[in-house]
file final00.cif (mmCIF, C-alpha atoms and all ligand atoms)
data_data
loop_
_atom_site.group_PDB
_atom_site.id
_atom_site.type_symbol
_atom_site.label_atom_id
_atom_site.label_comp_id
_atom_site.auth_asym_id
_atom_site.auth_seq_id
_atom_site.Cartn_x
_atom_site.Cartn_y
_atom_site.Cartn_z
ATOM 1 C CA MET Z 1429 -2.576 -38.635 -18.241
ATOM 2 C CA PHE Z 1430 -0.851 -39.405 -14.964
ATOM 3 C CA LEU Z 1431 1.771 -37.914 -12.720
ATOM 4 C CA LYS Z 1432 5.252 -39.330 -13.226
ATOM 5 C CA ARG Z 1433 7.495 -37.312 -10.976
ATOM 6 C CA LEU Z 1434 7.632 -34.348 -8.655
ATOM 7 C CA ASP Z 1435 10.960 -32.597 -8.041
ATOM 8 C CA ILE Z 1436 11.141 -30.192 -5.150
ATOM 9 C CA VAL Z 1437 14.037 -28.061 -3.962
ATOM 10 C CA GLY Z 1438 13.979 -25.188 -1.487
ATOM 11 C CA PHE Z 1439 10.188 -25.431 -1.167
ATOM 12 C CA LYS Z 1440 8.829 -25.288 2.409
ATOM 13 C CA SER Z 1441 10.373 -28.095 4.488
ATOM 14 C CA PHE Z 1442 12.319 -29.518 1.515
ATOM 15 C CA ALA Z 1443 15.751 -27.893 1.708
ATOM 16 C CA GLU Z 1444 17.531 -30.557 -0.315
ATOM 17 C CA ARG Z 1445 16.307 -31.755 -3.691
ATOM 18 C CA VAL Z 1446 13.609 -34.398 -3.263
ATOM 19 C CA SER Z 1447 12.224 -36.476 -6.120
ATOM 20 C CA VAL Z 1448 8.928 -38.275 -5.735
ATOM 21 C CA GLU Z 1449 8.318 -40.950 -8.382
ATOM 22 C CA PHE Z 1450 4.699 -41.899 -8.946
ATOM 23 C CA VAL Z 1451 4.364 -45.474 -10.097
ATOM 24 C CA ASN Z 1452 1.196 -47.113 -11.464
ATOM 25 C CA GLY Z 1453 -1.656 -47.371 -9.002
ATOM 26 C CA VAL Z 1454 -2.172 -45.510 -5.779
ATOM 27 C CA THR Z 1455 0.618 -43.558 -4.101
ATOM 28 C CA ALA Z 1456 0.265 -42.876 -0.384
ATOM 29 C CA VAL Z 1457 2.512 -40.507 1.523
ATOM 30 C CA VAL Z 1458 2.796 -41.390 5.185
ATOM 31 C CA GLY Z 1459 4.717 -39.792 8.014
ATOM 32 C CA PRO Z 1460 4.389 -38.179 11.433
ATOM 33 C CA ASN Z 1461 2.639 -34.848 11.975
ATOM 34 C CA GLY Z 1462 4.612 -31.950 10.566
ATOM 35 C CA SER Z 1463 6.871 -34.140 8.437
ATOM 36 C CA GLY Z 1464 5.862 -32.462 5.166
ATOM 37 C CA LYS Z 1465 3.044 -34.578 3.685
ATOM 38 C CA SER Z 1466 0.774 -31.615 2.984
ATOM 39 C CA ASN Z 1467 3.771 -29.662 1.702
ATOM 40 C CA ILE Z 1468 3.891 -32.157 -1.169
ATOM 41 C CA THR Z 1469 0.353 -31.353 -2.295
ATOM 42 C CA ASP Z 1470 1.097 -27.657 -1.725
ATOM 43 C CA ALA Z 1471 4.028 -28.065 -4.126
ATOM 44 C CA ILE Z 1472 1.730 -29.592 -6.761
ATOM 45 C CA ARG Z 1473 -0.827 -26.800 -6.405
ATOM 46 C CA TRP Z 1474 1.908 -24.187 -6.463
ATOM 47 C CA VAL Z 1475 3.522 -25.445 -9.656
ATOM 48 C CA LEU Z 1476 0.053 -25.540 -11.255
ATOM 49 C CA GLY Z 1477 -0.139 -21.806 -10.682
ATOM 50 C CA GLU Z 1478 -1.577 -21.251 -7.200
ATOM 51 C CA GLN Z 1479 -1.250 -17.519 -6.482
ATOM 52 C CA SER Z 1480 -2.732 -17.358 -3.014
ATOM 53 C CA ALA Z 1481 -0.133 -17.635 -0.245
ATOM 54 C CA ARG Z 1482 -2.927 -18.166 2.267
ATOM 55 C CA SER Z 1483 -4.216 -21.161 0.396
ATOM 56 C CA LEU Z 1484 -0.667 -22.537 0.618
ATOM 57 C CA ARG Z 1485 -0.889 -21.999 4.385
ATOM 58 C CA GLY Z 1486 1.446 -19.013 4.445
ATOM 59 C CA ALA Z 1487 1.061 -15.271 4.902
ATOM 60 C CA LYS Z 1488 3.099 -14.208 1.879
ATOM 61 C CA MET Z 1489 4.586 -16.044 -1.087
ATOM 62 C CA GLU Z 1490 8.099 -15.834 0.408
ATOM 63 C CA ASP Z 1491 6.903 -18.204 3.166
ATOM 64 C CA ILE Z 1492 7.073 -21.117 0.747
ATOM 65 C CA ILE Z 1493 10.873 -20.763 0.485
ATOM 66 C CA PHE Z 1494 12.764 -22.990 2.936
ATOM 67 C CA ALA Z 1495 13.400 -20.689 5.892
ATOM 68 C CA GLY Z 1496 16.034 -22.785 7.668
ATOM 69 C CA SER Z 1497 15.984 -25.286 10.495
ATOM 70 C CA ASP Z 1498 18.132 -26.067 13.544
ATOM 71 C CA SER Z 1499 20.696 -27.811 11.374
ATOM 72 C CA ARG Z 1500 20.491 -25.928 8.090
ATOM 73 C CA LYS Z 1501 20.284 -22.337 7.029
ATOM 74 C CA GLY Z 1502 17.557 -21.029 4.745
ATOM 75 C CA VAL Z 1503 17.759 -20.821 0.969
ATOM 76 C CA ASN Z 1504 16.836 -18.088 -1.495
ATOM 77 C CA ILE Z 1505 15.127 -20.023 -4.264
ATOM 78 C CA ALA Z 1506 12.250 -22.505 -4.266
ATOM 79 C CA GLU Z 1507 11.702 -24.635 -7.324
ATOM 80 C CA VAL Z 1508 9.141 -27.301 -8.142
ATOM 81 C CA THR Z 1509 8.884 -29.376 -11.321
ATOM 82 C CA LEU Z 1510 5.930 -31.635 -12.075
ATOM 83 C CA THR Z 1511 6.347 -34.208 -14.825
ATOM 84 C CA LEU Z 1512 3.295 -35.780 -16.422
ATOM 85 C CA ASP Z 1513 2.838 -38.632 -18.836
ATOM 86 C CA ASN Z 1514 1.079 -37.193 -21.894
ATOM 87 C CA ARG Z 1515 1.229 -40.148 -24.286
ATOM 88 C CA GLU Z 1516 -2.526 -39.936 -24.725
ATOM 89 C CA GLN Z 1517 -2.229 -36.244 -25.558
ATOM 90 C CA PHE Z 1518 -4.555 -35.332 -22.740
ATOM 91 C CA LEU Z 1519 -2.820 -31.990 -22.538
ATOM 92 C CA PRO Z 1520 -3.047 -30.133 -25.849
ATOM 93 C CA ILE Z 1521 0.703 -30.097 -26.484
ATOM 94 C CA ASP Z 1522 2.653 -32.315 -28.826
ATOM 95 C CA PHE Z 1523 4.884 -34.031 -26.265
ATOM 96 C CA ASN Z 1524 4.619 -37.488 -24.690
ATOM 97 C CA GLU Z 1525 6.053 -36.127 -21.481
ATOM 98 C CA VAL Z 1526 5.315 -32.676 -20.101
ATOM 99 C CA SER Z 1527 7.337 -30.990 -17.343
ATOM 100 C CA ILE Z 1528 6.137 -27.769 -15.841
ATOM 101 C CA SER Z 1529 8.380 -25.779 -13.516
ATOM 102 C CA ARG Z 1530 7.987 -22.823 -11.266
ATOM 103 C CA ARG Z 1531 10.743 -20.989 -9.441
ATOM 104 C CA VAL Z 1532 10.474 -18.109 -6.995
ATOM 105 C CA TYR Z 1533 13.170 -15.860 -5.493
ATOM 106 C CA ARG Z 1534 13.054 -13.988 -2.196
ATOM 107 C CA SER Z 1535 12.584 -10.804 -4.221
ATOM 108 C CA GLY Z 1536 9.173 -12.238 -5.185
ATOM 109 C CA GLU Z 1537 10.128 -12.752 -8.817
ATOM 110 C CA SER Z 1538 8.578 -15.891 -10.322
ATOM 111 C CA GLU Z 1539 9.657 -17.888 -13.356
ATOM 112 C CA TYR Z 1540 7.661 -20.554 -15.154
ATOM 113 C CA SER Z 1541 8.553 -23.053 -17.822
ATOM 114 C CA ILE Z 1542 6.996 -25.825 -19.871
ATOM 115 C CA ASN Z 1543 9.484 -28.478 -21.015
ATOM 116 C CA ASN Z 1544 12.378 -26.159 -20.159
ATOM 117 C CA GLN Z 1545 11.029 -23.344 -22.311
ATOM 118 C CA SER Z 1546 10.358 -20.335 -20.196
ATOM 119 C CA CYS Z 1547 6.738 -19.200 -20.363
ATOM 120 C CA ARG Z 1548 4.102 -17.104 -18.616
ATOM 121 C CA LEU Z 1549 1.816 -18.233 -15.802
ATOM 122 C CA LYS Z 1550 -1.051 -17.849 -18.259
ATOM 123 C CA ASP Z 1551 0.479 -20.504 -20.540
ATOM 124 C CA ILE Z 1552 0.457 -23.002 -17.676
ATOM 125 C CA ILE Z 1553 -3.122 -22.130 -16.686
ATOM 126 C CA ASP Z 1554 -4.221 -22.435 -20.327
ATOM 127 C CA LEU Z 1555 -2.449 -25.768 -20.749
ATOM 128 C CA PHE Z 1556 -4.330 -27.281 -17.828
ATOM 129 C CA MET Z 1557 -7.659 -25.607 -18.460
ATOM 130 C CA ASP Z 1558 -10.364 -28.247 -19.013
ATOM 131 C CA SER Z 1559 -7.903 -31.004 -18.100
ATOM 132 C CA GLY Z 1560 -9.419 -31.493 -14.655
ATOM 133 C CA LEU Z 1561 -6.010 -30.947 -13.065
ATOM 134 C CA GLY Z 1562 -5.946 -27.153 -12.842
ATOM 135 C CA LYS Z 1563 -5.341 -25.546 -9.480
ATOM 136 C CA GLU Z 1564 -9.086 -25.034 -8.972
ATOM 137 C CA ALA Z 1565 -10.077 -28.532 -10.042
ATOM 138 C CA PHE Z 1566 -11.272 -31.164 -7.632
ATOM 139 C CA SER Z 1567 -8.294 -33.363 -8.367
ATOM 140 C CA ILE Z 1568 -6.886 -32.075 -5.082
ATOM 141 C CA ILE Z 1569 -9.114 -32.319 -2.013
ATOM 142 C CA SER Z 1570 -7.443 -30.606 0.911
ATOM 143 C CA GLN Z 1571 -7.847 -31.223 4.618
ATOM 144 C CA GLY Z 1572 -11.148 -29.638 5.618
ATOM 145 C CA LYS Z 1573 -12.592 -29.771 2.104
ATOM 146 C CA VAL Z 1574 -14.481 -33.017 2.751
ATOM 147 C CA GLU Z 1575 -16.080 -31.448 5.800
ATOM 148 C CA GLU Z 1576 -16.949 -28.365 3.734
ATOM 149 C CA ILE Z 1577 -18.579 -30.511 1.015
ATOM 150 C CA LEU Z 1578 -20.580 -32.530 3.528
ATOM 151 C CA SER Z 1579 -21.903 -29.485 5.318
ATOM 152 C CA SER Z 1580 -22.687 -27.461 2.184
ATOM 153 C CA LYS Z 1581 -26.181 -26.771 0.864
ATOM 154 C CA ALA Z 1582 -27.624 -29.007 -1.858
ATOM 155 C CA GLU Z 1583 -27.194 -26.335 -4.590
ATOM 156 C CA GLU Z 1584 -23.573 -25.759 -3.629
ATOM 157 C CA ARG Z 1585 -22.939 -29.480 -3.664
ATOM 158 C CA ARG Z 1586 -24.510 -29.699 -7.112
ATOM 159 C CA SER Z 1587 -21.932 -27.287 -8.512
ATOM 160 C CA ILE Z 1588 -19.174 -29.556 -7.208
ATOM 161 C CA PHE Z 1589 -20.616 -32.472 -9.206
ATOM 162 C CA GLU Z 1590 -21.030 -30.237 -12.240
ATOM 163 C CA GLU Z 1591 -17.396 -29.183 -12.015
ATOM 164 C CA ALA Z 1592 -16.263 -32.807 -11.633
ATOM 165 C CA ALA Z 1593 -18.416 -33.868 -14.595
ATOM 166 C CA GLY Z 1594 -16.992 -31.052 -16.728
ATOM 167 C CA VAL Z 1595 -20.393 -29.333 -17.097
ATOM 168 C CA LEU Z 1596 -19.500 -26.197 -15.178
ATOM 169 C CA LYS Z 1597 -17.247 -24.795 -17.884
ATOM 170 C CA TYR Z 1598 -20.150 -24.896 -20.394
ATOM 171 C CA LYS Z 1599 -22.447 -23.221 -17.892
ATOM 172 C CA THR Z 1600 -19.824 -20.525 -17.276
ATOM 173 C CA ARG Z 1601 -19.394 -19.976 -21.003
ATOM 174 C CA LYS Z 1602 -23.172 -19.849 -21.523
ATOM 175 C CA LYS Z 1603 -23.514 -17.227 -18.797
ATOM 176 C CA LYS Z 1604 -20.713 -15.162 -20.332
ATOM 177 C CA ALA Z 1605 -22.348 -15.353 -23.776
ATOM 178 C CA GLU Z 1606 -25.716 -14.265 -22.371
ATOM 179 C CA TYR Z 1607 -24.244 -11.138 -20.763
ATOM 180 C CA LYS Z 1608 -22.643 -9.923 -23.985
HETATM 181 P P1 LIG F 1701 0.046 -33.293 9.467
HETATM 182 O O1 LIG F 1701 0.105 -34.774 9.634
HETATM 183 O O2 LIG F 1701 -0.051 -32.586 10.790
HETATM 184 O O3 LIG F 1701 -0.986 -32.841 8.476
HETATM 185 P P2 LIG F 1701 2.113 -32.847 7.483
HETATM 186 O O4 LIG F 1701 2.987 -34.039 7.282
HETATM 187 O O5 LIG F 1701 1.055 -32.607 6.466
HETATM 188 O O6 LIG F 1701 1.506 -32.865 8.945
HETATM 189 P P3 LIG F 1701 3.144 -30.318 6.659
HETATM 190 O O7 LIG F 1701 2.055 -29.384 7.011
HETATM 191 O O8 LIG F 1701 3.276 -30.718 5.231
HETATM 192 O O9 LIG F 1701 3.078 -31.608 7.582
HETATM 193 O O10 LIG F 1701 4.563 -29.723 7.095
HETATM 194 C C1 LIG F 1701 4.687 -28.787 8.104
HETATM 195 C C2 LIG F 1701 6.147 -28.539 8.347
HETATM 196 O O11 LIG F 1701 6.705 -27.799 7.261
HETATM 197 C C3 LIG F 1701 6.364 -27.743 9.604
HETATM 198 O O12 LIG F 1701 7.332 -28.402 10.387
HETATM 199 C C4 LIG F 1701 6.896 -26.419 9.112
HETATM 200 O O13 LIG F 1701 7.852 -25.875 9.967
HETATM 201 C C5 LIG F 1701 7.556 -26.820 7.798
HETATM 202 N N1 LIG F 1701 7.638 -25.670 6.901
HETATM 203 C C6 LIG F 1701 6.626 -25.024 6.268
HETATM 204 N N2 LIG F 1701 7.094 -23.977 5.565
HETATM 205 C C7 LIG F 1701 8.440 -23.959 5.747
HETATM 206 C C8 LIG F 1701 9.497 -23.105 5.309
HETATM 207 N N3 LIG F 1701 9.281 -22.063 4.499
HETATM 208 N N4 LIG F 1701 10.758 -23.397 5.720
HETATM 209 C C9 LIG F 1701 11.001 -24.450 6.531
HETATM 210 N N5 LIG F 1701 10.059 -25.274 6.984
HETATM 211 C C10 LIG F 1701 8.793 -25.042 6.620
HETATM 212 MG MG MG F 1702 -1.050 -32.350 6.594
#
call {"tool": "encode", "arguments": {"input": "final00.cif", "output": "C-alpha cells"}}
result
Amino acid sequence: MFLKRLDIVGFKSFAERVSVEFVNGVTAVVGPNGSGKSNITDAIRWVLGEQSARSLRGAKMEDIIFAGSDSRKGVNIAEVTLTLDNREQFLPIDFNEVSISRRVYRSGESEYSINNQSCRLKDIIDLFMDSGLGKEAFSIISQGKVEEILSSKAEERRSIFEEAAGVLKYKTRKKKAEYK
C-alpha cells in the first residue's frame, strides 16, 4: 500500500486546490519556515480521522479552515482527499484504489467518504485499523516526537516498538479479554 495523491482545498494555508502526487520512492517537501510543510502532514492526519484540534496545532476545529490572507479572503469549507494504492489489498476493501475524504464547514459539521460514498468517521477508523497508517500509528512522526522518544523511559520506548511491530494490538485485546 502506498500513498498516491493528496488533494487539499481550503485547509489551513491552502486556499486554492493543491494536489500532491506521490511517486515511487521518497518524497520530500521543502520550503521556508511557515510555508505549509507541516500543514501537509496535518492534512493527512486530519483526513485519517484526527479529532483533536490541539494536535493539529489549533485551538478549535474551525482553525483548520483557511482564514484568509493579505491577498485573499477566507473560505467556509476545508476538504482533504487522500488516495492510496490498494492493489495488494492491504486495506480490507475490494478496490485497487481507495480515496478517503473529509470535509468540514464553519458550523463544525463534518462529512466523510470512502470512494465517494459518504460514510461515518468510524468506517474510516475501522478501515485503517491494524494497517499501520491510522492516525495513532507511528507512520507519522511529528516535530518533537523524536525528542520525546529519545528521552522516554525504557518501558515507554518498548511500547513504541511493540506498536510498530504490530504486537500492541494483541496485548490490548488480551488485556480486554482478561477484564471481562
Ligand atoms: P516550519 O519550517 O517552521 O516548520 P512549515 O512549512 O511546517 O514551517 P506550517 O506550520 O505548515 O509551516 O505552516 C504555517 C502557516 O500556515 C502559517 O503561516 C499560518 O499562518 C498558516 N495557517 C495555519 N492555519 C491557517 C488557516 N486556518 N488559515 C490560513 N493560514 C493558516
Ligand atoms: Mg513545520
call {"tool": "resolve_selection", "arguments": {"input": "final00.cif", "expression": "the PyMOL selection byres (((chain Z and resi 1526) around 9) and not hetatm)", "output": "list in words"}}
result
Leu1510, Thr1511, Leu1512, Asp1513, Asn1514, Leu1519, Ile1521, Phe1523, Asn1524, Glu1525, Ser1527, Ile1528, Ile1542 and Asn1543 of chain Z
call {"tool": "closest_atom_pairs", "arguments": {"input": "final00.cif", "of": "chain Z", "to": "ligand MG 1702 (chain F)", "cutoff": "10 Å", "atoms": "only C-alpha atoms and all ligand atoms", "output": "Markdown table"}}
result
| residue | atom | partner | partner_atom | distance |
| --- | --- | --- | --- | --- |
| Z:Val1458 | CA | F:MG1702 | MG | 9.9 |
| Z:Gly1459 | CA | F:MG1702 | MG | 9.5 |
| Z:Pro1460 | CA | F:MG1702 | MG | 9.3 |
| Z:Asn1461 | CA | F:MG1702 | MG | 7.0 |
| Z:Gly1462 | CA | F:MG1702 | MG | 6.9 |
| Z:Ser1463 | CA | F:MG1702 | MG | 8.3 |
| Z:Gly1464 | CA | F:MG1702 | MG | 7.1 |
| Z:Lys1465 | CA | F:MG1702 | MG | 5.5 |
| Z:Ser1466 | CA | F:MG1702 | MG | 4.1 |
| Z:Asn1467 | CA | F:MG1702 | MG | 7.4 |
| Z:Ile1468 | CA | F:MG1702 | MG | 9.2 |
| Z:Thr1469 | CA | F:MG1702 | MG | 9.1 |
| Z:Asp1470 | CA | F:MG1702 | MG | 9.8 |
| Z:Ser1570 | CA | F:MG1702 | MG | 8.7 |
| Z:Gln1571 | CA | F:MG1702 | MG | 7.2 |
call {"tool": "write_last_selection", "arguments": {"input": "final00.cif", "atoms": "C-alpha atoms", "output": "PDB file, keeping the file's coordinate frame"}}
result
ATOM      1  CA  VAL Z1458       2.796 -41.390   5.185  1.00  0.00           C
ATOM      2  CA  GLY Z1459       4.717 -39.792   8.014  1.00  0.00           C
ATOM      3  CA  PRO Z1460       4.389 -38.179  11.433  1.00  0.00           C
ATOM      4  CA  ASN Z1461       2.639 -34.848  11.975  1.00  0.00           C
ATOM      5  CA  GLY Z1462       4.612 -31.950  10.566  1.00  0.00           C
ATOM      6  CA  SER Z1463       6.871 -34.140   8.437  1.00  0.00           C
ATOM      7  CA  GLY Z1464       5.862 -32.462   5.166  1.00  0.00           C
ATOM      8  CA  LYS Z1465       3.044 -34.578   3.685  1.00  0.00           C
ATOM      9  CA  SER Z1466       0.774 -31.615   2.984  1.00  0.00           C
ATOM     10  CA  ASN Z1467       3.771 -29.662   1.702  1.00  0.00           C
ATOM     11  CA  ILE Z1468       3.891 -32.157  -1.169  1.00  0.00           C
ATOM     12  CA  THR Z1469       0.353 -31.353  -2.295  1.00  0.00           C
ATOM     13  CA  ASP Z1470       1.097 -27.657  -1.725  1.00  0.00           C
ATOM     14  CA  SER Z1570      -7.443 -30.606   0.911  1.00  0.00           C
ATOM     15  CA  GLN Z1571      -7.847 -31.223   4.618  1.00  0.00           C
TER      16      GLN Z1571
END
call {"tool": "closest_residue", "arguments": {"input": "final00.cif", "among": "Z:Ile1492, Z:Leu1596, Z:Ile1553, Z:Ala1443", "to": "Z:Ser1480", "atoms": "only C-alpha atoms"}}
result
Z:Ile1492
call {"tool": "atom_distance", "arguments": {"input": "final00.cif", "atom1": "atom CA of Z:Trp1474", "atom2": "atom CA of Z:Val1451"}}
result
21.7 Å
call {"tool": "residues_around", "arguments": {"input": "final00.cif", "residues": "Z:Glu1539", "least_positions_apart": "4", "cutoff": "7 Å", "atoms": "only C-alpha atoms", "output": "list in words"}}
result
Arg1530, Arg1531 and Val1532 of chain Z
call {"tool": "closest_residue", "arguments": {"input": "final00.cif", "among": "Z:Arg1445, Z:Arg1473, Z:Arg1515, Z:Lys1501", "to": "ligand LIG 1701 (chain F)", "atoms": "only C-alpha atoms and all ligand atoms"}}
result
Z:Lys1501
call {"tool": "residues_near_point", "arguments": {"input": "final00.cif", "point": "(-14.7, -30.8, -8.5)", "cutoff": "12 Å", "atoms": "only C-alpha atoms", "output": "VMD selection string"}}
result
chain Z and resid 1558 to 1570 1573 to 1574 1577 1584 to 1597
call {"tool": "resolve_selection", "arguments": {"input": "final00.cif", "expression": "the PyMOL selection byres (((chain Z and resi 1535) around 10) and not hetatm)", "output": "VMD selection string"}}
result
chain Z and resid 1490 1504 to 1505 1532 to 1534 1536 to 1538
call {"tool": "atom_distance", "arguments": {"input": "final00.cif", "atom1": "atom CA of Z:Gly1486", "atom2": "atom CA of Z:Arg1500"}}
result
20.6 Å
call {"tool": "closest_residue", "arguments": {"input": "final00.cif", "among": "Z:Phe1439, Z:Tyr1540, Z:Leu1476, Z:Leu1549", "to": "Z:Asp1491", "atoms": "only C-alpha atoms"}}
result
Z:Phe1439
call {"tool": "closest_residue", "arguments": {"input": "final00.cif", "among": "Z:Arg1482, Z:Ala1456, Z:Cys1547, Z:Ser1497", "to": "ligand LIG 1701 (chain F)", "atoms": "all atoms listed in the file"}}
result
Z:Ser1497
call {"tool": "closest_residue", "arguments": {"input": "final00.cif", "among": "Z:Gln1517, Z:Ser1580, Z:Ser1447, Z:Ser1499", "to": "ligand LIG 1701 (chain F)", "atoms": "only C-alpha atoms and all ligand atoms"}}
result
Z:Ser1499
call {"tool": "atom_distance", "arguments": {"input": "final00.cif", "atom1": "atom CA of Z:Ala1582", "atom2": "atom CA of Z:Lys1604"}}
result
24.1 Å
call {"tool": "axis_aligned_box", "arguments": {"input": "final00.cif", "around": "stretch 1575-1581 of chain Z", "padding_each_side": "8 Å", "output": "AutoDock Vina command-line options"}}
result
--center_x -21.1 --center_y -29.7 --center_z 3.3 --size_x 26.1 --size_y 21.8 --size_z 20.9
call {"tool": "closest_residue", "arguments": {"input": "final00.cif", "among": "Z:Ile1436, Z:Phe1494, Z:Glu1507, Z:Arg1485", "to": "ligand LIG 1701 (chain F)", "atoms": "all atoms listed in the file"}}
result
Z:Phe1494
